[in-house]
Amino acid sequence: MDLLRAIILDPQYHDVLTILKGARNGIVYGAKVRFPHALVMTFMFKSGSLKSKLKNIFMATKQHAQNLGMFATIYKTVMLLLRNANQGKQEEFHAFIAGAIGGLIVFKDNKSINQQIILYLFSRVAVALVKLPVHKNYIKEPKHTFPIFAAVVWGIVMWLFQHDDSTLQSSLRSSMVYIYRDSDHWTSLKTLLWHNK
């Protein structure tokens, strides 16, 4: 144990071990985030046997965890390679290159979980890019922008839902059908207030 502890604390192995820890953290975080989401969404909205539901939860959790672990591994590896190729100096653009390579390799398939992760990231990136000029003191922070942003986003999503809902991501569309279309129909007091259908 002392030899192993000495190795993992030895600075010469630090860079390689950051890749291992990044992979581990990606896997753990992916599982922590996906498992409760898959559990709730599966039991609320999926039909089928208990076995098929549990399999769906496991597969979704595994996919999310694998993707984040693999992305972290690729990202940290490419960052290390770029820094070493640049005489030990990290450049700002290295993060973009490493992220793009990892994104292309790990998230290239247009699958449900990949879509959810990319859409989550896209929304956070869009907000961050809007904040960046203020953060860098290029412009002053505008007042009252969030209510306008919220109104425009809700207006657009409701228009898309009413006029071409096939363009919306499937889980969003399912949620919107449940809230806005299923609420147009009932056959009794029970299906009005207690059960959806």
# chains A, B, ... in the order shown; residues from 1 in each chain; ligands from 1
>>> residues_around(residues="range 32-47 of chain A", least_positions_apart="3", cutoff="10 Å", atoms="only C-alpha atoms", output="list in words")
Gly26, Ile27, Val28, Tyr29, Leu50, Ser52, Lys53, Leu54, Asn56, Ile57, Phe58, Met59, Ala60, Thr61, Lys62, Gln63, His64, Ala65, Ile113, Ser171, Ser174, Ser175 and Tyr178 of chain A
>>> closest_residue(among="A:Thr18, A:Thr167, A:Gln116, A:Ser123", to="Thr77 in chain A", atoms="only C-alpha atoms")
A:Thr18
>>> residues_around(residues="His185 in chain A", least_positions_apart="4", cutoff="9 Å", atoms="only C-alpha atoms", output="list in words")
Arg181, Thr191, Leu192, Asn196 and Lys197 of chain A
>>> closest_residue(among="A:Leu160, A:Ile74, A:Lys131, A:Gln87", to="Phe146 in chain A", atoms="only C-alpha atoms")
A:Lys131
>>> atom_distance(atom1="CA of Leu20 in chain A", atom2="CA of Thr73 in chain A")
7.1 Å
>>> residues_around(residues="Gly102 in chain A", least_positions_apart="3", cutoff="7 Å", atoms="only C-alpha atoms", output="number ranges by chain")
A: 71, 74-75, 98-99, 105-106
>>> write_last_selection(atoms="N, CA and C atoms", output="mmCIF file, in the first residue's frame")
data_model
loop_
_atom_site.group_PDB
_atom_site.id
_atom_site.type_symbol
_atom_site.label_atom_id
_atom_site.label_comp_id
_atom_site.auth_asym_id
_atom_site.auth_seq_id
_atom_site.Cartn_x
_atom_site.Cartn_y
_atom_site.Cartn_z
ATOM 1 N N PHE A 71 -15.608 10.953 -22.538
ATOM 2 C CA PHE A 71 -15.306 12.328 -22.932
ATOM 3 C C PHE A 71 -14.202 12.906 -22.056
ATOM 4 N N ILE A 74 -10.817 11.455 -23.108
ATOM 5 C CA ILE A 74 -10.319 12.017 -24.373
ATOM 6 C C ILE A 74 -9.909 13.465 -24.191
ATOM 7 N N TYR A 75 -10.757 14.253 -23.532
ATOM 8 C CA TYR A 75 -10.460 15.671 -23.329
ATOM 9 C C TYR A 75 -9.147 15.865 -22.576
ATOM 10 N N ALA A 98 -9.549 20.195 -27.768
ATOM 11 C CA ALA A 98 -9.758 18.954 -27.013
ATOM 12 C C ALA A 98 -11.250 18.669 -26.835
ATOM 13 N N GLY A 99 -12.025 19.707 -26.547
ATOM 14 C CA GLY A 99 -13.474 19.532 -26.399
ATOM 15 C C GLY A 99 -14.130 19.112 -27.695
ATOM 16 N N ILE A 105 -15.976 12.461 -31.130
ATOM 17 C CA ILE A 105 -15.799 11.019 -30.926
ATOM 18 C C ILE A 105 -16.923 10.424 -30.068
ATOM 19 N N VAL A 106 -17.247 11.076 -28.980
ATOM 20 C CA VAL A 106 -18.180 10.487 -28.012
ATOM 21 C C VAL A 106 -19.646 10.754 -28.359
#
>>> closest_residue(among="A:Ile148, A:Ala128, A:Leu172, A:Ala23", to="Ala72 in chain A", atoms="only C-alpha atoms")
A:Ala23
>>> atom_distance(atom1="CA of Asp165 in chain A", atom2="CA of Val177 in chain A")
9.5 Å
>>> residues_around(residues="Asp15 in chain A", least_positions_apart="3", cutoff="12 Å", atoms="only C-alpha atoms", output="number ranges by chain")
A: 8-12, 18-22, 73, 76-81, 83-84, 88
>>> write_last_selection(atoms="C-alpha atoms", output="PDB file, in the first residue's frame")
ATOM      1  CA  ILE A   8      -0.158   8.073  -6.868  1.00  0.00           C
ATOM      2  CA  LEU A   9       1.318  11.029  -4.960  1.00  0.00           C
ATOM      3  CA  ASP A  10       4.477  11.228  -7.097  1.00  0.00           C
ATOM      4  CA  PRO A  11       4.328  14.423  -9.219  1.00  0.00           C
ATOM      5  CA  GLN A  12       5.805  12.603 -12.240  1.00  0.00           C
ATOM      6  CA  THR A  18      -5.579  13.221 -13.837  1.00  0.00           C
ATOM      7  CA  ILE A  19      -6.847  11.349 -16.908  1.00  0.00           C
ATOM      8  CA  LEU A  20      -7.777   8.341 -14.761  1.00  0.00           C
ATOM      9  CA  LYS A  21      -9.503  10.521 -12.157  1.00  0.00           C
ATOM     10  CA  GLY A  22     -11.303  12.498 -14.868  1.00  0.00           C
ATOM     11  CA  THR A  73     -10.614  10.704 -20.816  1.00  0.00           C
ATOM     12  CA  LYS A  76      -7.793  15.357 -20.655  1.00  0.00           C
ATOM     13  CA  THR A  77      -5.589  13.206 -22.911  1.00  0.00           C
ATOM     14  CA  VAL A  78      -5.746  15.680 -25.806  1.00  0.00           C
ATOM     15  CA  MET A  79      -5.096  18.591 -23.421  1.00  0.00           C
ATOM     16  CA  LEU A  80      -2.003  16.793 -22.119  1.00  0.00           C
ATOM     17  CA  LEU A  81      -0.777  15.998 -25.637  1.00  0.00           C
ATOM     18  CA  ARG A  83       0.478  21.012 -23.775  1.00  0.00           C
ATOM     19  CA  ASN A  84       3.410  18.619 -24.220  1.00  0.00           C
ATOM     20  CA  GLY A  88       4.590  22.458 -21.536  1.00  0.00           C
TER      21      GLY A  88
END
>>> atom_distance(atom1="CA of Leu132 in chain A", atom2="CA of Ile156 in chain A")
24.3 Å
>>> select_by_dssp(residues="chain A", states="helix (DSSP H, G or I)", output="ChimeraX atom specification")
/A:2-9,11-45,50-85,92-107,112-135,145-167,170-184,189-194
>>> write_last_selection(atoms="C-alpha atoms", output="compact mmCIF listing (two decimals), in the first residue's frame")
# COMPACT_ATOMS: atom_id res chain seq x y z
CA ASP A 2 2.83 2.39 0.79
CA LEU A 3 4.32 1.83 -2.68
CA LEU A 4 0.97 2.48 -4.35
CA ARG A 5 0.45 5.62 -2.26
CA ALA A 6 3.93 6.83 -3.18
CA ILE A 7 3.19 6.29 -6.88
CA ILE A 8 -0.16 8.07 -6.87
CA LEU A 9 1.32 11.03 -4.96
CA PRO A 11 4.33 14.42 -9.22
CA GLN A 12 5.80 12.60 -12.24
CA TYR A 13 2.59 10.54 -12.53
CA HIS A 14 0.23 13.44 -11.82
CA ASP A 15 -0.67 14.23 -15.44
CA VAL A 16 -1.50 10.63 -16.35
CA LEU A 17 -3.46 10.11 -13.14
CA THR A 18 -5.58 13.22 -13.84
CA ILE A 19 -6.85 11.35 -16.91
CA LEU A 20 -7.78 8.34 -14.76
CA LYS A 21 -9.50 10.52 -12.16
CA GLY A 22 -11.30 12.50 -14.87
CA ALA A 23 -12.66 9.24 -16.31
CA ARG A 24 -13.72 8.09 -12.86
CA ASN A 25 -15.43 11.41 -12.06
CA GLY A 26 -17.20 11.45 -15.43
CA ILE A 27 -18.56 7.96 -14.84
CA VAL A 28 -19.69 8.71 -11.28
CA TYR A 29 -21.27 12.05 -12.20
CA GLY A 30 -23.02 10.57 -15.24
CA ALA A 31 -24.51 7.81 -13.10
CA LYS A 32 -25.55 10.22 -10.34
CA VAL A 33 -27.29 12.52 -12.80
CA ARG A 34 -28.90 9.95 -15.09
CA PHE A 35 -30.09 7.30 -12.62
CA PRO A 36 -32.67 9.43 -10.78
CA HIS A 37 -33.80 11.05 -14.04
CA ALA A 38 -34.19 7.70 -15.80
CA LEU A 39 -35.93 6.23 -12.76
CA VAL A 40 -38.54 8.98 -12.58
CA MET A 41 -39.09 9.33 -16.33
CA THR A 42 -39.32 5.57 -16.88
CA PHE A 43 -41.87 4.94 -14.14
CA MET A 44 -43.90 8.04 -15.01
CA PHE A 45 -44.00 7.80 -18.79
CA LEU A 50 -40.88 -4.06 -14.42
CA LYS A 51 -37.97 -5.95 -15.96
CA SER A 52 -38.02 -3.82 -19.13
CA LYS A 53 -38.28 -0.63 -17.07
CA LEU A 54 -35.31 -1.60 -14.90
CA LYS A 55 -33.33 -2.53 -18.01
CA ASN A 56 -34.14 0.87 -19.54
CA ILE A 57 -33.00 2.67 -16.38
CA PHE A 58 -29.77 0.64 -16.27
CA MET A 59 -29.01 1.18 -19.98
CA ALA A 60 -29.65 4.93 -19.82
CA THR A 61 -27.50 5.27 -16.69
CA LYS A 62 -24.72 3.19 -18.22
CA GLN A 63 -24.75 5.19 -21.47
CA HIS A 64 -24.64 8.55 -19.71
CA ALA A 65 -21.87 7.44 -17.36
CA GLN A 66 -19.83 5.89 -20.18
CA ASN A 67 -20.19 8.99 -22.34
CA LEU A 68 -19.04 11.41 -19.66
CA GLY A 69 -16.21 9.09 -18.58
CA MET A 70 -15.02 8.62 -22.16
CA PHE A 71 -15.31 12.33 -22.93
CA ALA A 72 -13.28 13.24 -19.83
CA THR A 73 -10.61 10.70 -20.82
CA ILE A 74 -10.32 12.02 -24.37
CA TYR A 75 -10.46 15.67 -23.33
CA LYS A 76 -7.79 15.36 -20.66
CA THR A 77 -5.59 13.21 -22.91
CA VAL A 78 -5.75 15.68 -25.81
CA MET A 79 -5.10 18.59 -23.42
CA LEU A 80 -2.00 16.79 -22.12
CA LEU A 81 -0.78 16.00 -25.64
CA LEU A 82 -1.30 19.59 -26.82
CA ARG A 83 0.48 21.01 -23.77
CA ASN A 84 3.41 18.62 -24.22
CA ALA A 85 3.61 19.46 -27.93
CA GLU A 92 -6.56 28.97 -24.56
CA PHE A 93 -7.51 27.28 -27.83
CA HIS A 94 -6.34 23.88 -26.55
CA ALA A 95 -9.56 23.49 -24.55
CA PHE A 96 -11.66 24.12 -27.66
CA ILE A 97 -9.69 21.62 -29.73
CA ALA A 98 -9.76 18.95 -27.01
CA GLY A 99 -13.47 19.53 -26.40
CA ALA A 100 -14.30 19.38 -30.11
CA ILE A 101 -12.33 16.15 -30.58
CA GLY A 102 -13.98 14.57 -27.53
CA GLY A 103 -17.41 15.79 -28.60
CA LEU A 104 -17.02 14.41 -32.10
CA ILE A 105 -15.80 11.02 -30.93
CA VAL A 106 -18.18 10.49 -28.01
CA PHE A 107 -21.35 12.35 -29.00
CA SER A 112 -31.62 10.26 -27.15
CA ILE A 113 -29.10 10.54 -24.33
CA ASN A 114 -26.56 12.32 -26.53
CA GLN A 115 -29.28 14.76 -27.61
CA GLN A 116 -30.21 15.47 -24.01
CA ILE A 117 -26.61 16.10 -22.98
CA ILE A 118 -25.88 18.30 -26.01
CA LEU A 119 -29.11 20.30 -25.60
CA TYR A 120 -28.31 20.80 -21.92
CA LEU A 121 -24.84 22.04 -22.84
CA PHE A 122 -26.10 24.20 -25.70
CA SER A 123 -28.49 26.09 -23.44
CA ARG A 124 -25.74 26.69 -20.86
CA VAL A 125 -23.27 27.75 -23.57
CA ALA A 126 -25.79 30.17 -25.10
CA VAL A 127 -26.39 31.84 -21.73
CA ALA A 128 -22.64 31.97 -21.01
CA LEU A 129 -21.91 33.56 -24.42
CA VAL A 130 -24.53 36.22 -23.74
CA LYS A 131 -22.92 36.93 -20.35
CA LEU A 132 -19.34 36.94 -21.68
CA PRO A 133 -19.26 40.53 -23.05
CA VAL A 134 -20.56 41.79 -19.70
CA HIS A 135 -18.08 39.66 -17.76
CA THR A 145 -33.38 40.96 -19.95
CA PHE A 146 -34.49 37.75 -18.27
CA PRO A 147 -38.26 38.39 -18.51
CA ILE A 148 -37.87 39.14 -22.24
CA PHE A 149 -35.71 36.04 -22.72
CA ALA A 150 -38.25 33.88 -20.86
CA ALA A 151 -41.15 35.28 -22.90
CA VAL A 152 -39.39 34.70 -26.22
CA VAL A 153 -38.31 31.13 -25.34
CA TRP A 154 -41.83 30.18 -24.18
CA GLY A 155 -43.42 31.88 -27.16
CA ILE A 156 -41.20 30.00 -29.60
CA VAL A 157 -41.57 26.59 -27.95
CA MET A 158 -45.36 26.91 -27.79
CA TRP A 159 -45.52 28.03 -31.43
CA LEU A 160 -43.37 25.05 -32.47
CA PHE A 161 -45.50 22.71 -30.37
CA GLN A 162 -48.71 23.94 -32.00
CA HIS A 163 -47.44 24.16 -35.58
CA ASP A 164 -44.74 21.50 -36.02
CA ASP A 165 -44.16 19.50 -32.86
CA SER A 166 -42.18 16.86 -34.75
CA THR A 167 -39.22 19.26 -34.63
CA SER A 170 -39.09 13.67 -28.02
CA SER A 171 -39.05 13.99 -24.22
CA LEU A 172 -39.98 17.69 -24.43
CA ARG A 173 -42.76 16.87 -26.89
CA SER A 174 -44.06 14.08 -24.60
CA SER A 175 -44.09 16.43 -21.62
CA MET A 176 -45.91 19.09 -23.61
CA VAL A 177 -48.48 16.60 -24.95
CA TYR A 178 -49.16 15.49 -21.37
CA ILE A 179 -49.62 19.04 -20.09
CA TYR A 180 -51.27 20.83 -23.02
CA ARG A 181 -53.04 18.24 -25.22
CA ASP A 182 -54.04 15.53 -22.76
CA SER A 183 -55.65 18.24 -20.63
CA ASP A 184 -58.18 18.82 -23.45
CA LEU A 189 -64.46 13.19 -12.86
CA LYS A 190 -61.78 10.54 -12.36
CA THR A 191 -60.04 11.31 -15.68
CA LEU A 192 -60.55 15.04 -15.17
CA LEU A 193 -58.81 15.26 -11.80
CA TRP A 194 -57.23 11.98 -10.72
